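J.: Sharing a structure with you now.
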Protein chains: 2
Amino acid sequence: MKLLQDRIRQDGVALNGQVLKVDSFLNHQVDAGLTMEIGKAFAAEFGAQGVTKVLTIEASGIHFALATAVALGVPFVYAKKKKAVTLTEDLYTVPVHSFTRGETFNVSVSKRYLQAEDRVLIVDDFLATGDALLGLQEIVRLSGAHLVGIGAVIEKSFQEGRAKLEATGVKIHSLARIKSMSPEHMEFLEEESLTPVATK
Amino acid sequence: MKLLQDRIRQDGVALNGQVLKVDSFLNHQVDAGLTMEIGKAFAAEFGAQGVTKVLTIEASGIHFALATAVALGVPFVYAKKKKAVTLTEDLYTVPVHSFTRGETFNVSVSKRYLQAEDRVLIVDDFLATGDALLGLQEIVRLSGAHLVGIGAVIEKSFQEGRAKLEATGVKIHSLARIKSMSPEHMEFLEEESLTPVATK
């Protein structure tokens with residue numbers, strides 16, 4: 001997604017080779033128009049798959065899930081990191097380790113909101129270690145629903161997340177795939193590299 | 001907002017006189033279309049005030065902030081409950097007590113994303129005790145920005161939040177004001193009651 005890659009080059013800040021700061025437009029202050037375009041891009045990629053529900057994890061996936069759900073005309077569900085007093089029914093709960101926070105926490109979805117007949121698209125802001133997405137994928141598996149695919153806004157392709165997820169056979173679509181970065185440079189993998197083209 | 005009140009009557013569950021469960025359509029599973037209508041309603045109420053930024057708090061305010069920001073054509077900012085490793089700059093931080101969680105936590109916004117020249121609309125899912133909204137209001141005050149008003153999706157009018165906020169002089173607009181509730185009944189205050197009409 002060129003619009004997003006350009007914005008990352010312009011406003012993203014690589015603190016080092018591992019940590020990318022995008023909190024001026026994606027995950028603290030948020031560009032609302034760009035977010036809706038991101039939702040349209042996920043819908044364009046997965047819209048033909050009969051998605052019935054978008055699934056994400058609080059907090060930084062929520063706006064992308066809404067944008068995608070609006071574009072697809074379906075509801076979304078966000079997995080919760082803490083049990084609320086209003087969450088009274090049975091839950092699917094899995095442990096997730098957060099690379100950014102350096103801690104492990106439980107993530108839950110009410111059994112009422114994922115059914116075996118659902119076709120689920122998972123979206124999140126980052127694909128890095130893949131731990132949060134693997135947790136969401138496990139929740140979908142527990143529910144018996146069909147996982148259509150995973151949409152990540154930004155992929156740190158130099159981390160192990162994509163390989164771990166691809167090992168499960170799931171289709172992944174990332175809108176900006178960072179091959180490498182530093183405070184001085186930012187290199188993207190082109191989307192074409194996702195599907196190798198046979199050469200003559 | 002009749003659409004919202006009808007939906008609360010239909011799908012909301014009052015667990016008792018204090019706790020309203022709306023997690024089938026507002027804060028766990030989310031009706032994307034209804035959320036965008038909620039954003040339009042806030043924009044219709046506050047759009048003439050020159051809002052430059054929408055402010056909310058993670059996690060359950062984020063989708064309403066996006067919907068409102070889209071309708072107004074401005075960015076939104078969500079206050080964070082934990083310090084991320086990517087939050088490296090100076091923060092406005094205030095303590096907030098959560099009625100639902102029964103705990104006090106710090107809420108932070110980067111100083112970069114609220115400026116003295118901003119005109120801020122605060123939105124959140126619930127106005128109940130008012131503690132989260134008072135915290136956001138304090139962050140706006142610390143930043144020197146102008147607070148245009150507060151939009152709450154659901155107000156528990158039988159709790160003290162509105163009175164505490166109104167004491168500060170801020171304009172509040174709630175889309176569904178619950179006068180009283182129980183597992184058997186749900187009574188709304190009509191929006192007309194916000195502005196008392198002189199009788200003959």
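By convention here, the chains of the structure tokens are called A, B, ... in the order presented, each chain's residues are numbered starting at 1, and ligands are numbered starting at 1 in the order presented.
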Residues at most 10 Å from A:His173, counting only C-alpha atoms, excluding those fewer than 3 positions away in the same chain, as a PyMOL selection string?
T.: chain A and resi 41-42+45-46+123+149-155+162+170+176-177+191+194
J.: Determine which residues of stretch 82-144 of chain A receive a DSSP assignment of helix (DSSP H, G or I), computed from the backbone, and state them as a list in words.
T.: Lys111, Arg112, Tyr113, Asp131, Ala132, Leu133, Leu134, Gly135, Leu136, Gln137, Glu138, Ile139, Val140, Arg141, Leu142 and Ser143 of chain A
J.: Please, could you write that set of residues out with N, CA, C and O atoms as a short mmCIF file (atom, residue, chain, number, x, y, z; two decimals), in the first residue's frame?
T.:
data_model
loop_
_atom_site.label_atom_id
_atom_site.label_comp_id
_atom_site.auth_asym_id
_atom_site.auth_seq_id
_atom_site.Cartn_x
_atom_site.Cartn_y
_atom_site.Cartn_z
N LYS A 111 -17.37 -16.59 24.15
CA LYS A 111 -17.78 -17.67 23.23
C LYS A 111 -19.01 -17.29 22.41
O LYS A 111 -19.24 -17.85 21.34
N ARG A 112 -19.77 -16.32 22.92
CA ARG A 112 -20.99 -15.92 22.20
C ARG A 112 -20.68 -15.26 20.86
O ARG A 112 -21.53 -15.22 19.97
N TYR A 113 -19.47 -14.68 20.72
CA TYR A 113 -19.24 -13.83 19.55
C TYR A 113 -18.36 -14.45 18.47
O TYR A 113 -18.03 -13.79 17.49
N ASP A 131 3.24 -13.19 18.05
CA ASP A 131 2.62 -13.79 19.23
C ASP A 131 1.15 -13.41 19.40
O ASP A 131 0.31 -14.26 19.70
N ALA A 132 0.84 -12.13 19.23
CA ALA A 132 -0.55 -11.71 19.38
C ALA A 132 -1.43 -12.36 18.31
O ALA A 132 -2.53 -12.84 18.61
N LEU A 133 -0.93 -12.41 17.09
CA LEU A 133 -1.72 -12.99 16.00
C LEU A 133 -1.87 -14.50 16.18
O LEU A 133 -2.94 -15.05 15.90
N LEU A 134 -0.84 -15.18 16.67
CA LEU A 134 -0.96 -16.61 16.96
C LEU A 134 -2.01 -16.84 18.05
O LEU A 134 -2.77 -17.80 18.00
N GLY A 135 -2.05 -15.93 19.03
CA GLY A 135 -3.06 -16.04 20.08
C GLY A 135 -4.47 -15.90 19.53
O GLY A 135 -5.37 -16.68 19.84
N LEU A 136 -4.66 -14.91 18.65
CA LEU A 136 -5.98 -14.72 18.04
C LEU A 136 -6.33 -15.93 17.16
O LEU A 136 -7.48 -16.37 17.14
N GLN A 137 -5.34 -16.43 16.44
CA GLN A 137 -5.57 -17.60 15.60
C GLN A 137 -6.01 -18.80 16.45
O GLN A 137 -6.91 -19.55 16.07
N GLU A 138 -5.40 -18.95 17.61
CA GLU A 138 -5.76 -20.05 18.51
C GLU A 138 -7.20 -19.87 19.01
O GLU A 138 -7.95 -20.85 19.13
N ILE A 139 -7.59 -18.63 19.28
CA ILE A 139 -8.98 -18.38 19.71
C ILE A 139 -9.95 -18.78 18.59
O ILE A 139 -10.99 -19.40 18.85
N VAL A 140 -9.61 -18.44 17.35
CA VAL A 140 -10.48 -18.84 16.23
C VAL A 140 -10.56 -20.36 16.15
O VAL A 140 -11.64 -20.94 15.97
N ARG A 141 -9.42 -21.02 16.32
CA ARG A 141 -9.40 -22.48 16.25
C ARG A 141 -10.29 -23.09 17.34
O ARG A 141 -11.09 -24.00 17.10
N LEU A 142 -10.18 -22.54 18.56
CA LEU A 142 -11.00 -23.05 19.67
C LEU A 142 -12.49 -22.90 19.38
O LEU A 142 -13.30 -23.72 19.79
N SER A 143 -12.84 -21.83 18.67
CA SER A 143 -14.26 -21.55 18.40
C SER A 143 -14.82 -22.45 17.30
O SER A 143 -16.03 -22.55 17.13
#
J.: Give me, as a list in words, the residues of chain B touching chain A, with the criterion being at most 7 Å (counting only C-alpha atoms).
T.: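 Putting it all together, I get Lys21, His28, Gln29, Val30, Asp31, Ala32, Gly33, Glu58, Ala59, Ile62, His63, Leu66, Ala69, Val70, Val74, Pro75, Phe76, Val77, Tyr78, Ala84, Val85, Thr86, Thr100, Arg101 and Tyr113 of chain B.
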J.: I need the chosen residues saved as a short mmCIF file (atom, residue, chain, number, x, y, z; two decimals), in the first residue's frame, with N, CA and C atoms.
T.:
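Saved result, selection-v5.cif, follows:
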data_model
loop_
_atom_site.label_atom_id
_atom_site.label_comp_id
_atom_site.auth_asym_id
_atom_site.auth_seq_id
_atom_site.Cartn_x
_atom_site.Cartn_y
_atom_site.Cartn_z
N LYS B 21 -24.66 -4.26 30.35
CA LYS B 21 -23.83 -5.06 29.45
C LYS B 21 -24.23 -4.74 28.01
N HIS B 28 -17.35 -5.13 22.80
CA HIS B 28 -16.56 -6.38 22.69
C HIS B 28 -16.80 -6.89 21.27
N GLN B 29 -18.02 -7.34 20.98
CA GLN B 29 -18.45 -7.37 19.57
C GLN B 29 -19.00 -5.98 19.28
N VAL B 30 -18.71 -5.46 18.08
CA VAL B 30 -19.10 -4.08 17.78
C VAL B 30 -19.83 -4.02 16.44
N ASP B 31 -20.98 -3.37 16.44
CA ASP B 31 -21.73 -3.10 15.22
C ASP B 31 -21.05 -1.92 14.51
N ALA B 32 -20.38 -2.22 13.41
CA ALA B 32 -19.57 -1.19 12.73
C ALA B 32 -20.45 -0.07 12.17
N GLY B 33 -21.59 -0.42 11.59
CA GLY B 33 -22.47 0.60 11.02
C GLY B 33 -23.03 1.52 12.09
N GLU B 58 -8.06 4.51 25.67
CA GLU B 58 -8.14 3.11 25.27
C GLU B 58 -8.87 2.32 26.35
N ALA B 59 -9.52 1.19 26.02
CA ALA B 59 -9.66 0.69 24.69
C ALA B 59 -11.04 0.99 24.13
N ILE B 62 -11.99 3.87 21.51
CA ILE B 62 -11.23 4.07 20.27
C ILE B 62 -12.10 4.04 19.02
N HIS B 63 -13.01 3.10 18.92
CA HIS B 63 -13.81 3.01 17.68
C HIS B 63 -14.77 4.19 17.57
N LEU B 66 -12.64 7.08 16.35
CA LEU B 66 -12.39 7.00 14.90
C LEU B 66 -13.62 7.43 14.11
N ALA B 69 -13.96 11.15 14.36
CA ALA B 69 -12.88 11.82 13.63
C ALA B 69 -13.11 11.74 12.11
N VAL B 70 -13.60 10.60 11.64
CA VAL B 70 -13.93 10.47 10.21
C VAL B 70 -15.02 11.47 9.84
N VAL B 74 -10.91 15.08 11.04
CA VAL B 74 -9.76 15.45 11.87
C VAL B 74 -9.10 14.18 12.42
N PRO B 75 -7.89 14.28 12.97
CA PRO B 75 -7.28 13.10 13.63
C PRO B 75 -7.89 12.86 15.01
N PHE B 76 -7.64 11.67 15.55
CA PHE B 76 -7.99 11.45 16.96
C PHE B 76 -6.75 10.98 17.71
N VAL B 77 -6.82 11.13 19.02
CA VAL B 77 -5.74 10.68 19.91
C VAL B 77 -6.37 9.80 20.97
N TYR B 78 -5.76 8.65 21.24
CA TYR B 78 -6.26 7.88 22.38
C TYR B 78 -5.23 7.85 23.49
N ALA B 84 4.21 2.64 26.72
CA ALA B 84 4.83 1.74 25.75
C ALA B 84 6.30 2.09 25.60
N VAL B 85 7.09 1.11 25.13
CA VAL B 85 8.52 1.39 24.94
C VAL B 85 8.73 2.43 23.85
N THR B 86 7.72 2.58 22.97
CA THR B 86 7.86 3.55 21.90
C THR B 86 7.42 4.95 22.33
N THR B 100 -15.52 0.19 36.68
CA THR B 100 -15.75 -1.16 36.18
C THR B 100 -14.66 -2.12 36.65
N ARG B 101 -13.42 -1.63 36.70
CA ARG B 101 -12.31 -2.52 37.03
C ARG B 101 -11.97 -2.50 38.53
N TYR B 113 0.98 15.62 20.88
CA TYR B 113 -0.28 15.46 20.14
C TYR B 113 -1.44 16.28 20.67
#
J.: Write out as a list of chain:residue names each polymer residue whose atoms come within 9 Å of A:Ser180, counting only C-alpha atoms; drop sequence neighbours fewer than 3 positions from it.
T.: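 The residues satisfying every condition are A:Gly17, A:Gln18, A:Lys156, A:Ser157, A:Phe158, A:His185, A:Met186, A:Glu187, A:Phe188, A:Leu189.
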J.: Can I get the selection written as a PDB file, in the first residue's frame, with C-alpha atoms?
T.:
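See again_7.pdb below for the written result:
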ATOM      1  CA  GLY A  17      16.738  -1.763  14.062  1.00  0.00           C
ATOM      2  CA  GLN A  18      13.845  -3.305  16.005  1.00  0.00           C
ATOM      3  CA  LYS A 156       8.568  -6.280  10.439  1.00  0.00           C
ATOM      4  CA  SER A 157       9.667  -8.860   7.913  1.00  0.00           C
ATOM      5  CA  PHE A 158      13.032  -9.257   9.632  1.00  0.00           C
ATOM      6  CA  HIS A 185      17.080   4.202   6.478  1.00  0.00           C
ATOM      7  CA  MET A 186      13.896   2.274   5.792  1.00  0.00           C
ATOM      8  CA  GLU A 187      13.632  -0.506   3.227  1.00  0.00           C
ATOM      9  CA  PHE A 188      10.381  -2.183   2.216  1.00  0.00           C
ATOM     10  CA  LEU A 189       9.766  -5.531   0.614  1.00  0.00           C
TER      11      LEU A 189
END
J.: Calculated over only C-alpha atoms, which of the candidates A:Arg7, A:Gly144, A:Ser108, A:Asn16 has the smallest distance to A:Asp90?
T.: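 Between A:Arg7, A:Gly144, A:Ser108, A:Asn16, the residue approaching A:Asp90 most closely is A:Ser108.
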J.: If we count only C-alpha atoms and set the cut-off at 7 Å, which residues sit around B:Thr52, ignoring sequence neighbours fewer than 4 positions away in its own chain? Please answer as a PDB file with C-alpha atoms, in the first residue's frame.
T.:
ATOM      1  CA  VAL B  74      -9.761  15.451  11.870  1.00  0.00           C
ATOM      2  CA  ASP B 118      -6.109  22.607  19.440  1.00  0.00           C
ATOM      3  CA  ARG B 119      -9.896  22.559  19.881  1.00  0.00           C
ATOM      4  CA  VAL B 120     -10.596  19.190  21.453  1.00  0.00           C
TER       5      VAL B 120
END
J.: Residues of stretch 51-191 of chain B in strand (DSSP E or B) according to DSSP, as a PyMOL selection string?
T.: chain B and resi 53-57+76-80+91-98+103-110+119-127+146-156+172-181+186-189
J.: How far is it from atom CA of A:Gly161 to atom CA of A:Ala128, in Å with one decimal?
T.: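 One can read the atom CA of A:Gly161 to atom CA of A:Ala128 distance as 5.1 Å.
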J.: So how many Å separate atom CA of A:Gly130 and atom CA of A:Leu91, to one decimal?
T.: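 Result for atom CA of A:Gly130 versus atom CA of A:Leu91: 22.0 Å, one decimal.
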J.: How many Å lie between atom CA of A:Ile122 and atom CA of A:Met1, rounded to one decimal?
T.: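 Computing it gives 18.2 Å between the two atoms.
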J.: For B:Lys164, which residue among B:Thr129, B:Glu190, B:Arg9, B:Glu184 is the nearest when counting only C-alpha atoms?
T.: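 Counting only C-alpha atoms, the residue closest to B:Lys164 is B:Thr129.
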